[in-house]
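Structure data follow from upload_35.txt (compact mmCIF, C-alpha atoms):
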# COMPACT_ATOMS: atom_id res chain seq x y z
CA MET A 1 -100.44 -29.47 211.03
CA SER A 2 -99.14 -30.71 207.68
CA THR A 3 -101.21 -31.31 204.56
CA THR A 4 -100.45 -33.66 201.64
CA THR A 5 -101.00 -32.42 198.09
CA ALA A 6 -101.08 -34.46 194.85
CA PRO A 7 -98.34 -33.84 192.29
CA ALA A 8 -99.18 -30.88 190.14
CA SER A 9 -98.49 -32.74 186.86
CA SER A 10 -100.92 -35.64 187.38
CA ALA A 11 -104.08 -33.55 187.40
CA PRO A 12 -103.50 -31.86 184.00
CA ALA A 13 -102.54 -35.24 182.41
CA ALA A 14 -105.71 -36.90 183.65
CA GLY A 15 -107.71 -33.95 182.39
CA ARG A 16 -106.17 -34.16 178.95
CA TRP A 17 -106.93 -37.91 178.73
CA ARG A 18 -110.58 -37.39 179.72
CA ARG A 19 -110.87 -34.50 177.28
CA HIS A 20 -109.39 -36.45 174.25
CA ARG A 21 -110.61 -39.94 175.13
CA SER A 22 -113.78 -39.71 173.06
CA SER A 23 -111.84 -38.44 170.00
CA LEU A 24 -109.32 -41.28 170.23
CA LEU A 25 -112.08 -43.86 170.49
CA ILE A 26 -113.81 -42.42 167.43
CA VAL A 27 -110.55 -42.56 165.37
CA ALA A 28 -109.92 -46.16 166.46
CA ALA A 29 -113.47 -47.12 165.50
CA LEU A 30 -113.05 -45.54 162.06
CA VAL A 31 -109.78 -47.39 161.44
CA LEU A 32 -111.40 -50.68 162.43
CA ALA A 33 -114.40 -49.98 160.18
CA VAL A 34 -112.17 -49.20 157.16
CA ALA A 35 -110.17 -52.39 157.71
CA LEU A 36 -113.38 -54.40 157.95
CA VAL A 37 -114.78 -52.88 154.76
CA ILE A 38 -111.56 -53.62 152.88
CA PHE A 39 -111.54 -57.20 154.15
CA LEU A 40 -115.17 -57.83 153.23
CA GLY A 41 -114.85 -56.02 149.89
CA THR A 42 -112.02 -58.30 148.77
CA GLY A 43 -113.65 -61.46 150.03
CA GLY A 44 -110.86 -61.93 152.55
CA GLU A 45 -108.20 -62.52 149.88
CA ASP A 46 -106.35 -60.64 147.18
CA ARG A 47 -104.03 -63.07 145.46
CA GLN A 48 -101.04 -61.77 143.56
CA ALA A 49 -100.61 -64.46 140.87
CA ARG A 50 -100.80 -63.25 137.29
CA LEU A 51 -104.27 -63.66 135.72
CA ASP A 52 -105.76 -64.80 139.03
CA PRO A 53 -109.46 -63.83 139.14
CA ALA A 54 -108.98 -62.76 142.78
CA ASN A 55 -106.06 -60.47 141.94
CA SER A 56 -107.11 -56.80 141.80
CA ARG A 57 -103.64 -55.59 140.83
CA ALA A 58 -102.51 -54.65 137.32
CA ALA A 59 -101.51 -58.22 136.33
CA GLY A 60 -104.63 -59.81 137.82
CA ALA A 61 -107.86 -60.75 136.03
CA GLN A 62 -110.42 -59.71 138.64
CA ALA A 63 -112.11 -57.26 136.26
CA VAL A 64 -112.84 -59.93 133.64
CA ALA A 65 -114.16 -62.37 136.26
CA LYS A 66 -116.51 -59.77 137.76
CA VAL A 67 -117.86 -58.67 134.36
CA LEU A 68 -118.49 -62.28 133.37
CA ALA A 69 -120.35 -62.86 136.63
CA ALA A 70 -122.38 -59.68 136.06
CA GLN A 71 -123.33 -61.00 132.60
CA GLY A 72 -124.85 -64.11 134.16
CA VAL A 73 -121.92 -66.49 133.66
CA GLU A 74 -121.35 -68.82 136.62
CA VAL A 75 -117.63 -68.46 137.44
CA ASP A 76 -116.14 -71.26 139.55
CA VAL A 77 -112.49 -70.91 140.55
CA VAL A 78 -110.58 -74.14 141.25
CA ARG A 79 -106.99 -74.11 142.45
CA SER A 80 -105.98 -77.78 142.35
CA ALA A 81 -106.46 -80.90 140.28
CA ASP A 82 -108.63 -82.41 143.01
CA GLU A 83 -110.94 -79.39 142.95
CA LEU A 84 -111.16 -79.71 139.17
CA ASP A 85 -112.17 -83.37 139.56
CA ASP A 86 -114.98 -82.26 141.88
CA ALA A 87 -116.14 -79.45 139.59
CA ALA A 88 -118.30 -81.76 137.44
CA VAL A 89 -117.31 -80.29 134.10
CA GLY A 90 -119.89 -80.91 131.38
CA ALA A 91 -120.61 -80.08 127.76
CA ASP A 92 -122.09 -76.68 128.70
CA THR A 93 -118.90 -75.57 130.45
CA THR A 94 -115.84 -73.63 129.38
CA VAL A 95 -112.63 -74.44 131.26
CA VAL A 96 -109.94 -71.74 131.19
CA VAL A 97 -106.44 -72.57 132.45
CA THR A 98 -104.13 -69.80 133.62
CA SER A 99 -100.70 -70.23 135.26
CA ALA A 100 -100.22 -72.98 132.67
CA ASP A 101 -96.50 -73.21 133.54
CA SER A 102 -97.54 -75.18 136.63
CA LEU A 103 -98.98 -78.01 134.53
CA GLY A 104 -97.11 -81.28 134.09
CA GLU A 105 -97.76 -84.58 132.36
CA SER A 106 -99.90 -85.99 135.18
CA THR A 107 -102.02 -82.86 135.62
CA VAL A 108 -102.49 -82.48 131.85
CA THR A 109 -103.74 -86.07 131.73
CA ARG A 110 -106.24 -85.35 134.51
CA LEU A 111 -107.27 -82.10 132.79
CA ARG A 112 -107.96 -83.85 129.50
CA GLU A 113 -109.97 -86.54 131.27
CA GLN A 114 -112.17 -83.92 132.94
CA THR A 115 -112.66 -81.80 129.78
CA THR A 116 -113.55 -84.49 127.27
CA ASP A 117 -116.85 -82.79 126.42
CA ALA A 118 -116.02 -79.25 127.55
CA ARG A 119 -114.49 -76.33 125.75
CA LEU A 120 -110.89 -75.89 126.91
CA VAL A 121 -109.01 -72.57 126.82
CA VAL A 122 -105.30 -72.61 127.76
CA VAL A 123 -103.68 -69.19 128.30
CA ASP A 124 -100.02 -68.61 127.41
CA PRO A 125 -98.96 -72.27 127.04
CA ARG A 126 -95.22 -72.89 126.98
CA PRO A 127 -93.72 -74.83 124.03
CA GLY A 128 -93.31 -78.01 126.11
CA LEU A 129 -96.98 -77.95 127.09
CA LEU A 130 -98.15 -77.96 123.48
CA GLY A 131 -96.80 -81.48 123.00
CA LEU A 132 -98.68 -82.68 126.08
CA LEU A 133 -101.85 -81.15 124.65
CA GLY A 134 -101.31 -82.96 121.35
CA VAL A 135 -100.57 -79.80 119.32
CA ASP A 136 -97.56 -79.53 117.01
CA GLY A 137 -96.27 -76.47 115.22
CA PRO A 138 -94.01 -73.42 115.47
CA VAL A 139 -94.21 -70.80 118.22
CA ASP A 140 -93.23 -67.24 117.30
CA ASP A 141 -93.16 -63.85 119.02
CA LEU A 142 -95.59 -61.39 117.43
CA ASP A 143 -95.06 -57.72 116.66
CA THR A 144 -97.31 -55.86 119.09
CA THR A 145 -96.28 -52.32 118.15
CA ASP A 146 -99.73 -51.74 116.65
CA PRO A 147 -103.10 -53.40 117.39
CA ILE A 148 -103.45 -56.82 115.77
CA ALA A 149 -106.56 -57.48 113.64
CA ALA A 150 -108.27 -60.85 113.76
CA GLY A 151 -107.53 -61.74 110.15
CA CYS A 152 -109.60 -64.95 110.32
CA SER A 153 -113.02 -66.13 109.17
CA ASP A 154 -114.34 -67.21 112.58
CA PRO A 155 -117.46 -65.03 113.00
CA ARG A 156 -117.00 -64.86 116.76
CA TYR A 157 -113.78 -62.87 116.46
CA ALA A 158 -113.52 -61.66 112.84
CA ASP A 159 -114.53 -58.05 113.62
CA LEU A 160 -112.13 -57.55 116.56
CA SER A 161 -108.57 -56.38 117.10
CA ILE A 162 -106.38 -56.69 120.18
CA ASP A 163 -103.74 -54.44 121.70
CA VAL A 164 -101.28 -56.04 124.16
CA ASP A 165 -97.71 -55.56 125.29
CA TYR A 166 -96.64 -59.08 124.34
CA ALA A 167 -98.14 -61.91 122.30
CA THR A 168 -97.07 -65.29 120.95
CA GLY A 169 -98.21 -66.93 117.74
CA LEU A 170 -99.39 -70.52 118.35
CA PRO A 171 -100.35 -73.40 116.02
CA GLY A 172 -103.94 -74.45 115.38
CA THR A 173 -106.49 -75.45 112.75
CA ILE A 174 -107.86 -71.90 112.80
CA THR A 175 -105.60 -69.02 113.81
CA CYS A 176 -106.69 -65.46 114.55
CA PHE A 177 -104.71 -62.34 115.50
CA GLY A 178 -101.55 -63.67 113.88
CA GLY A 179 -101.79 -66.92 115.88
CA ALA A 180 -102.35 -65.25 119.26
CA LEU A 181 -105.66 -67.15 119.22
CA ALA A 182 -105.39 -70.73 117.88
CA ILE A 183 -108.41 -73.02 117.68
CA SER A 184 -108.39 -76.77 117.07
CA SER A 185 -110.24 -79.88 118.13
CA VAL A 186 -109.25 -81.75 121.28
CA PRO A 187 -107.24 -84.89 120.39
CA GLY A 188 -109.47 -87.91 121.02
CA ALA A 189 -112.59 -85.73 121.26
CA PRO A 190 -113.24 -84.15 117.85
CA ASP A 191 -116.45 -82.44 119.02
CA ALA A 192 -114.66 -80.57 121.82
CA GLU A 193 -112.80 -77.34 121.15
CA LEU A 194 -109.25 -76.54 122.25
CA VAL A 195 -108.36 -72.85 122.25
CA LEU A 196 -104.82 -71.62 122.81
CA LEU A 197 -104.46 -67.96 123.77
CA GLY A 198 -100.96 -66.56 123.31
CA ALA A 199 -101.95 -63.04 124.38
CA GLY A 200 -102.80 -63.51 128.04
CA ASP A 201 -102.09 -59.82 128.65
CA LEU A 202 -105.49 -58.91 127.21
CA LEU A 203 -107.14 -60.49 130.28
CA THR A 204 -105.19 -58.37 132.77
CA ASN A 205 -106.81 -55.52 134.68
CA ASP A 206 -104.53 -52.89 133.15
CA GLN A 207 -104.90 -53.97 129.49
CA ILE A 208 -108.49 -55.21 129.32
CA THR A 209 -109.78 -51.81 128.17
CA ARG A 210 -107.50 -51.55 125.12
CA ALA A 211 -108.89 -51.94 121.58
CA GLY A 212 -111.14 -55.03 121.45
CA ASN A 213 -109.53 -56.85 124.38
CA ALA A 214 -112.66 -56.78 126.55
CA ALA A 215 -114.92 -57.97 123.71
CA LEU A 216 -112.58 -60.87 122.90
CA ALA A 217 -112.32 -61.86 126.58
CA LEU A 218 -116.10 -61.91 127.03
CA ARG A 219 -116.70 -63.85 123.80
CA LEU A 220 -113.90 -66.28 124.56
CA LEU A 221 -114.76 -67.02 128.19
CA GLY A 222 -118.49 -66.25 128.24
CA GLU A 223 -119.64 -68.47 125.40
CA ASP A 224 -121.12 -71.03 127.84
CA ASP A 225 -123.30 -70.44 130.90
CA ARG A 226 -120.61 -71.83 133.19
CA LEU A 227 -116.89 -71.02 133.38
CA VAL A 228 -114.47 -73.10 135.42
CA TRP A 229 -111.32 -71.06 136.06
CA TYR A 230 -108.54 -73.59 136.72
CA ILE A 231 -105.33 -72.38 138.36
CA PRO A 232 -102.94 -75.39 138.55
CA ASP A 233 -100.77 -75.93 141.59
CA LEU A 234 -97.24 -77.37 141.47
CA SER A 235 -98.05 -79.53 144.49
CA ASP A 236 -100.39 -81.60 142.26
CA LEU A 237 -97.50 -82.85 140.11
CA ASP A 238 -96.14 -86.36 140.48
CA GLY A 239 -92.50 -86.80 141.45
CA GLY A 240 -91.48 -87.79 137.93
CA ASP A 241 -93.21 -85.09 135.89
CA GLY A 242 -92.22 -81.86 137.57
CA VAL A 243 -91.47 -78.79 135.51
CA SER A 244 -87.97 -79.15 134.10
CA LEU A 245 -85.69 -77.03 131.97
CA ARG A 246 -86.28 -79.38 129.03
CA SER A 247 -90.05 -79.02 129.30
CA LEU A 248 -89.75 -75.22 129.29
CA ALA A 249 -87.45 -75.13 126.26
CA PRO A 250 -88.82 -74.98 122.68
CA ASP A 251 -88.64 -78.06 120.47
CA TRP A 252 -85.84 -76.68 118.29
CA ILE A 253 -83.40 -76.16 121.16
CA GLY A 254 -82.04 -79.75 120.99
CA PRO A 255 -81.29 -79.78 117.24
CA GLY A 256 -79.98 -76.21 117.56
CA ILE A 257 -77.46 -77.21 120.23
CA GLY A 258 -76.38 -80.19 118.10
CA LEU A 259 -75.85 -77.97 115.05
CA VAL A 260 -73.78 -75.51 117.10
CA ALA A 261 -71.64 -78.36 118.48
CA VAL A 262 -70.96 -79.75 114.99
CA SER A 263 -70.09 -76.26 113.74
CA VAL A 264 -67.64 -75.68 116.60
CA ILE A 265 -65.91 -79.03 115.98
CA ALA A 266 -65.63 -78.26 112.24
CA LEU A 267 -64.21 -74.83 113.06
CA MET A 268 -61.62 -76.40 115.38
CA PHE A 269 -60.46 -78.79 112.64
CA TRP A 270 -60.39 -76.00 110.06
CA ARG A 271 -58.42 -73.52 112.17
CA GLY A 272 -56.16 -76.19 113.66
CA ARG A 273 -55.06 -77.84 110.40
CA ARG A 274 -51.30 -78.22 109.75
CA LEU A 275 -49.86 -76.00 107.04
CA GLY A 276 -47.76 -78.70 105.36
CA PRO A 277 -45.10 -81.01 106.80
CA LEU A 278 -42.75 -79.78 109.50
CA SER A 279 -39.24 -78.81 108.35
CA THR A 280 -36.18 -79.69 110.39
CA GLU A 281 -33.12 -77.47 110.77
CA PRO A 282 -29.88 -78.27 112.62
CA LEU A 283 -29.15 -76.20 115.73
CA PRO A 284 -27.60 -73.84 116.63
CA VAL A 285 -28.67 -71.62 113.75
CA ALA A 286 -26.29 -68.85 112.84
CA VAL A 287 -28.10 -65.53 112.33
CA LYS A 288 -26.14 -62.63 110.92
CA ALA A 289 -25.97 -59.53 113.09
CA ILE A 290 -27.15 -57.33 110.24
CA GLU A 291 -30.33 -59.41 109.94
CA THR A 292 -31.10 -58.98 113.62
CA THR A 293 -30.41 -55.25 113.41
CA ARG A 294 -32.62 -54.78 110.40
CA SER A 295 -35.41 -56.83 111.94
CA ARG A 296 -35.33 -54.82 115.14
CA GLY A 297 -35.27 -51.63 113.09
CA ARG A 298 -38.36 -52.69 111.15
CA LEU A 299 -40.16 -53.48 114.40
CA TYR A 300 -39.23 -50.09 115.87
CA ARG A 301 -40.33 -48.34 112.66
CA ARG A 302 -43.66 -50.21 112.54
CA ALA A 303 -44.32 -49.34 116.18
CA GLY A 304 -43.11 -45.76 115.76
CA ASP A 305 -40.82 -46.32 118.78
CA ARG A 306 -38.04 -43.81 117.98
CA GLU A 307 -36.97 -43.54 121.63
CA HIS A 308 -35.96 -47.21 121.87
CA ALA A 309 -34.29 -47.07 118.45
CA ALA A 310 -32.22 -44.03 119.51
CA ALA A 311 -31.30 -45.72 122.80
CA ALA A 312 -30.08 -48.82 120.92
CA LEU A 313 -27.95 -46.71 118.55
CA ARG A 314 -26.38 -44.71 121.42
CA ALA A 315 -25.69 -47.87 123.46
CA ALA A 316 -23.88 -49.47 120.49
CA THR A 317 -21.79 -46.30 119.96
CA ARG A 318 -20.82 -46.18 123.65
CA SER A 319 -19.76 -49.83 123.56
CA ARG A 320 -17.52 -49.33 120.51
CA ALA A 321 -16.11 -46.09 121.94
CA ARG A 322 -15.00 -47.91 125.13
CA GLU A 323 -13.08 -50.40 122.98
CA ARG A 324 -11.44 -47.63 120.91
CA LEU A 325 -10.37 -45.70 123.99
CA GLY A 326 -9.15 -48.82 125.78
CA LEU A 327 -11.65 -48.51 128.60
CA GLY A 328 -13.10 -51.52 130.31
CA ALA A 329 -16.60 -52.77 129.64
CA GLY A 330 -17.63 -51.77 133.16
CA THR A 331 -16.64 -48.11 132.74
CA ASP A 332 -19.53 -45.89 133.76
CA GLU A 333 -21.16 -43.56 131.27
CA ALA A 334 -19.98 -40.31 132.96
CA THR A 335 -16.31 -41.40 132.75
CA LEU A 336 -16.76 -42.45 129.11
CA ILE A 337 -18.31 -39.09 128.15
CA ARG A 338 -15.50 -37.17 129.99
CA ASP A 339 -12.77 -39.14 128.17
CA LEU A 340 -14.56 -38.80 124.82
CA ALA A 341 -14.85 -35.02 125.25
CA ARG A 342 -11.13 -34.76 126.18
CA HIS A 343 -10.16 -37.04 123.28
CA LEU A 344 -12.22 -35.13 120.70
CA GLY A 345 -11.74 -31.67 122.18
CA ARG A 346 -15.49 -31.05 122.54
CA PRO A 347 -17.58 -29.88 125.49
CA GLU A 348 -18.90 -32.71 127.66
CA ALA A 349 -22.47 -31.41 127.33
CA ALA A 350 -22.29 -31.62 123.52
CA VAL A 351 -20.91 -35.19 123.63
CA ALA A 352 -23.51 -36.25 126.25
CA ASP A 353 -26.34 -34.89 124.10
CA VAL A 354 -25.22 -37.09 121.20
CA VAL A 355 -24.11 -40.34 122.83
CA GLY A 356 -25.48 -40.17 126.39
CA SER A 357 -28.42 -42.33 127.50
CA PHE A 358 -30.18 -39.20 128.76
CA GLY A 359 -29.82 -37.34 125.47
CA ARG A 360 -32.83 -35.72 123.84
CA PRO A 361 -34.99 -38.40 122.12
CA PRO A 362 -35.83 -37.77 118.46
CA ALA A 363 -39.41 -36.62 117.80
CA THR A 364 -39.49 -37.47 114.07
CA ASP A 365 -37.93 -39.95 111.68
CA ARG A 366 -35.76 -37.14 110.26
CA GLU A 367 -34.34 -36.36 113.72
CA LEU A 368 -33.62 -40.08 114.21
CA ILE A 369 -31.69 -40.14 110.91
CA VAL A 370 -29.72 -37.03 111.94
CA LEU A 371 -28.86 -38.68 115.28
CA ALA A 372 -27.64 -41.82 113.51
CA ALA A 373 -25.46 -39.69 111.24
CA ASP A 374 -24.02 -37.77 114.24
CA LEU A 375 -23.21 -41.02 116.02
CA ASN A 376 -21.52 -42.41 112.92
CA ALA A 377 -19.49 -39.21 112.52
CA LEU A 378 -18.45 -39.37 116.19
CA GLU A 379 -17.24 -42.95 115.79
CA GLU A 380 -15.30 -42.04 112.65
CA GLU A 381 -13.61 -39.15 114.47
CA VAL A 382 -12.69 -41.41 117.40
CA ARG A 383 -11.30 -43.97 114.97
CA ARG A 384 -9.17 -41.36 113.16
CA THR A 385 -7.79 -39.78 116.30

Now that the file is in, can you turn its structure into structure tokens?
Amino acid sequence: MSTTTAPASSAPAAGRWRRHRSSLLIVAALVLAVALVIFLGTGGEDRQARLDPANSRAAGAQAVAKVLAAQGVEVDVVRSADELDDAAVGADTTVVVTSADSLGESTVTRLREQTTDARLVVVDPRPGLLGLLGVDGPVDDLDTTDPIAAGCSDPRYADLSIDVDYATGLPGTITCFGGALAISSVPGAPDAELVLLGAGDLLTNDQITRAGNAALALRLLGEDDRLVWYIPDLSDLDGGDGVSLRSLAPDWIGPGIGLVAVSVIALMFWRGRRLGPLSTEPLPVAVKAIETTRSRGRLYRRAGDREHAAAALRAATRSRARERLGLGAGTDEATLIRDLARHLGRPEAAVADVVGSFGRPPATDRELIVLAADLNALEEEVRRT
């Protein structure tokens, strides 16, 4: 009679699963709970835009928004022009605009219509945006090596100083912190206040605790009971007023380019002017051989090229020696040196060292002069014999 047995490996595997099943379920439950806590703790979103009140990262402004809310300020975040229209902005409201680079002519018009009676704070406005806001004046980078004191008479900020990585000085009726905070009235609404903040870094999570950054942020944004935090969206722009390179450039860039163009044209005329009338000379022009020789010698001397100078002297001596010995112009150098040595009664090696193309090149001007004298003496001896 035969009996059937289960595989030996299946029983231990099933036992291990039953033994560790409860532990695995507990770990999975913990992971799910942590994920749920993180999701609920962030409100289901953690945006990454700079100065976004929902951004908990270093460049975000979540810390400022939460402190303002804890101080009793009603913080409403709107992320489009339509949401701003529905926010019912009144005289008891401060409107702060971050991501101001996303504003265009149409959205600035809608913003000004909605903030006629409100206090408007624009953070880090670009030069082109200042014109749309009705503000004229220079924009300069500030020295942020050390904390910047208020240096103004406005009692709200006079006792503070800020410490940021980067700041821009902006124009305004009242300027504090070297222009990093510029205050003026809203064009068309003299009772409303327009505040330009050129030190948006002080609102970020990683710089809010420096110097008086936190105090300035709370006084600036918490002056009214309600704060509308407007984050413009590029999709709100009309087709004709999108962000362009011209709108991002400072006002002086156009005149600057014109000045550079005029300067370049003047430089071209100055450097390209004719140095007097052209002189004519009949051709061909006869140039004496001695002039050419001296000119080449001066060039060799200026360049310190003794090797080429020695080669030219030896080549000229070999050419004249062929004529004196009645050899043809195509006679090779070895035959010439052999005939010269026989004619002068010298060893071939000694003659080759003086007149040969592979002779030792002179290392100094004195050696070059000695070589020239030796070549001249050799030619004189050939001529006499």

Top pick for closest residue to A:Val77, considering A:Ile162, A:Ala54, A:Ala217, A:Val354 and counting all atoms listed in the file: A:Ala54

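Straight-line separation from atom CA of A:Val139 to atom CA of A:Thr173: 14.2 Å.
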
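Taking atom CA of A:Asp92 as the reference point, atom CA of A:Asp224 is found at 5.8 Å.
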
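Put simply, atom CA of A:Cys176 is 17.0 Å away from atom CA of A:Asp136.
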
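Residues with any atom within 10 Å of A:Arg320, counting all atoms listed in the file and excluding same-chain neighbours fewer than 3 positions away, are Ala315, Ala316, Thr317, Glu323, Arg324, Leu325, Gly326, Ala329, Glu379, Val382 and Arg383 of chain A.
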
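Proximity to A:Glu83 was assessed for A:Ser106, A:Gln71, A:Gln114, A:Thr209 counting all atoms listed in the file; the smallest distance is recorded for A:Gln114.
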
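Using all atoms listed in the file, the shortest contact distance between A:Thr364 and any of A:Ala309, A:Val264, A:Ile257, A:Leu84 is found at A:Ala309.
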
message: Applying 9 Å and only C-alpha atoms, which residues near A:Gly72 remain after dropping the ones on its own chain fewer than 4 positions away? List them as a VMD selection string.
response: chain A and resid 67 to 68 222 225 to 226

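If you measure from each of A:Val228, A:Val164, A:Ala199, A:Ile208 to A:Val89 using only C-alpha atoms, the closest one turns out to be A:Val228.
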
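Compared by their closest atoms to A:Tyr230, and using only C-alpha atoms, the residues A:Glu74, A:Arg360, A:Cys152, A:Val122 rank with A:Val122 nearest.
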